[in-house]
Amino acid sequence: AVCLLPASAQEAPQFQPAMFVRANDIFALDLLRKTREEIPDRNVVVAPLPVSLTFAALWDGTRDVESATQFRAAFRWDKDFATPMGGKMLLARFAKPKPYPKPRAPHPKTDSPLLKYIQSGKPEELWLSAVFLYRGEGSLSPDFINRVTYDFGLSFKAVGEYAVQSKALAENWDSAVPMPKITGSNDFWVTSFTHLRTSWAGNTFVGAKREKHDFHLRSGEVVQADFLKSEDEFYPYVRNEQFEAVLLTAVQTTVLLVLP
């Protein structure tokens, strides 16, 4: 069966997971803008997709109307047609890869330098993970845990109701992901990560060595900074009154650098 939704002539219809990605892009800009307001003099790096996917799982599992309303507002799920479905589709793409076969050792005499270079590193990979740690066995609905675990693959772990935070995390946290910093007596922690290992596409920075050069700040001060020379001459670039941005391409992803 095919389901068709009406759309105006001015806007092409979007379906999952494109709608989820579009909402995530808007949330990313909101997050970047808010973070920059709080720390305007520091560099900011955001990875919004695992955050959106984690809360899509929580939204799909909850029956609380107020929480669902807040999720929709924060993550811009105003067009919430099958939003959890879009999250599941993206998670299927970003599942943890299987162990990569160990490459054979390059032959020192017969293998080309390029083959030796390729086999010297670890394989490319890009995947997402999330862990949900909460206080008190039985404090969460089994239906909620089972549904979110089955649909989104979140890992749930319960700790004692009166356990000390640092001890609880040290004993129960997933060793594959960094441990969060404890700042208060929270009832639960949700931590999500993007695992990325990739190389620059083409000859962007291949073989380049870091060099120290003068970098001129807006204040007029000159500081020493690390520079990398690129063999590519052209990059997607935009500049207006609010910001300027450049796009750098890697094998598994792209990096968007924005300067307010």
# chains A, B, ... in the order shown; residues from 1 in each chain; ligands from 1
call {"tool": "residues_around", "arguments": {"residues": "Asp214 (chain A)", "least_positions_apart": "5", "cutoff": "9 Å", "atoms": "only C-alpha atoms", "output": "list of chain:residue names"}}
result
A:Val222, A:Val223, A:Gln224, A:Ala225, A:Asp226
call {"tool": "closest_atom_pairs", "arguments": {"of": "region 38-78 of chain A", "to": "region 132-156 of chain A", "cutoff": "7 Å", "atoms": "only C-alpha atoms", "output": "Markdown table"}}
result
| residue | atom | partner | partner_atom | distance |
| --- | --- | --- | --- | --- |
| A:Ala57 | CA | A:Val148 | CA | 5.9 |
| A:Gly61 | CA | A:Phe144 | CA | 5.2 |
| A:Thr62 | CA | A:Phe144 | CA | 6.8 |
call {"tool": "residues_around", "arguments": {"residues": "Thr194 (chain A)", "least_positions_apart": "6", "cutoff": "12 Å", "atoms": "only C-alpha atoms", "output": "MDAnalysis selection string"}}
result
chainID A and resid 46:54 91 94:96 125:130 176:178 253
call {"tool": "residues_around", "arguments": {"residues": "Asp30 (chain A)", "least_positions_apart": "2", "cutoff": "12 Å", "atoms": "only C-alpha atoms", "output": "ChimeraX atom specification"}}
result
/A:23-28,32-37,46,48,73-76
call {"tool": "closest_residue", "arguments": {"among": "A:Lys229, A:Ala82, A:Lys157, A:Val258", "to": "Val190 (chain A)", "atoms": "only C-alpha atoms"}}
result
A:Lys157
call {"tool": "closest_residue", "arguments": {"among": "A:Val255, A:Gly86, A:Tyr235, A:Ala56", "to": "Phe15 (chain A)", "atoms": "only C-alpha atoms"}}
result
A:Gly86
call {"tool": "atom_distance", "arguments": {"atom1": "CA of Glu211 (chain A)", "atom2": "CA of Leu256 (chain A)"}}
result
22.5 Å
call {"tool": "closest_residue", "arguments": {"among": "A:Lys88, A:Lys102, A:Arg210, A:Arg22", "to": "Ser230 (chain A)", "atoms": "only C-alpha atoms"}}
result
A:Arg210
call {"tool": "residues_around", "arguments": {"residues": "Thr83 (chain A)", "least_positions_apart": "5", "cutoff": "9 Å", "atoms": "only C-alpha atoms", "output": "list of chain:residue names"}}
result
A:Gln16, A:Pro17, A:Met19, A:Phe20, A:Ala56, A:Asp60, A:Trp77, A:Lys88
call {"tool": "atom_distance", "arguments": {"atom1": "CA of Tyr100 (chain A)", "atom2": "CA of Ala201 (chain A)"}}
result
20.9 Å
call {"tool": "decode", "arguments": {"residues": "region 50-103 of chain A", "atoms": "C-alpha atoms", "output": "compact mmCIF listing (two decimals), in the first residue's frame"}}
result
# COMPACT_ATOMS: atom_id res chain seq x y z
CA PRO A 50 22.66 11.30 18.97
CA VAL A 51 20.81 13.74 21.26
CA SER A 52 17.81 13.86 18.92
CA LEU A 53 17.78 10.08 18.54
CA THR A 54 17.98 9.52 22.31
CA PHE A 55 15.01 11.76 23.02
CA ALA A 56 13.10 10.27 20.10
CA ALA A 57 13.45 6.95 21.91
CA LEU A 58 12.25 8.50 25.19
CA TRP A 59 9.32 10.14 23.40
CA ASP A 60 8.36 6.88 21.74
CA GLY A 61 8.43 5.09 25.08
CA THR A 62 6.67 7.66 27.26
CA ARG A 63 2.95 8.06 27.86
CA ASP A 64 3.32 11.41 29.62
CA VAL A 65 1.62 14.13 27.56
CA GLU A 66 3.56 17.02 29.14
CA SER A 67 6.93 15.39 28.42
CA ALA A 68 5.91 14.66 24.83
CA THR A 69 4.92 18.31 24.35
CA GLN A 70 8.29 19.50 25.65
CA PHE A 71 10.15 17.03 23.43
CA ARG A 72 8.31 18.25 20.35
CA ALA A 73 9.06 21.89 21.12
CA ALA A 74 12.75 21.39 21.91
CA PHE A 75 13.57 19.16 18.94
CA ARG A 76 11.31 20.92 16.42
CA TRP A 77 9.13 17.91 15.77
CA ASP A 78 6.26 20.14 14.71
CA LYS A 79 5.51 17.80 11.82
CA ASP A 80 5.56 14.67 13.91
CA PHE A 81 4.51 12.19 11.24
CA ALA A 82 6.22 8.95 12.28
CA THR A 83 9.08 10.73 14.08
CA PRO A 84 10.07 7.63 16.10
CA MET A 85 10.08 5.66 12.86
CA GLY A 86 12.52 8.14 11.35
CA GLY A 87 14.76 7.74 14.39
CA LYS A 88 14.74 3.96 14.01
CA MET A 89 15.63 4.23 10.33
CA LEU A 90 18.64 6.41 11.13
CA LEU A 91 19.77 4.14 13.96
CA ALA A 92 19.79 1.24 11.52
CA ARG A 93 22.31 3.21 9.46
CA PHE A 94 24.44 4.10 12.50
CA ALA A 95 24.51 0.70 14.20
CA LYS A 96 27.74 -0.48 15.79
CA PRO A 97 29.81 -2.20 13.07
CA LYS A 98 31.00 -5.77 13.30
CA PRO A 99 34.67 -6.36 14.15
CA TYR A 100 36.78 -5.66 11.10
CA PRO A 101 38.89 -8.57 9.79
CA LYS A 102 42.54 -8.22 10.66
CA PRO A 103 44.40 -7.18 7.49
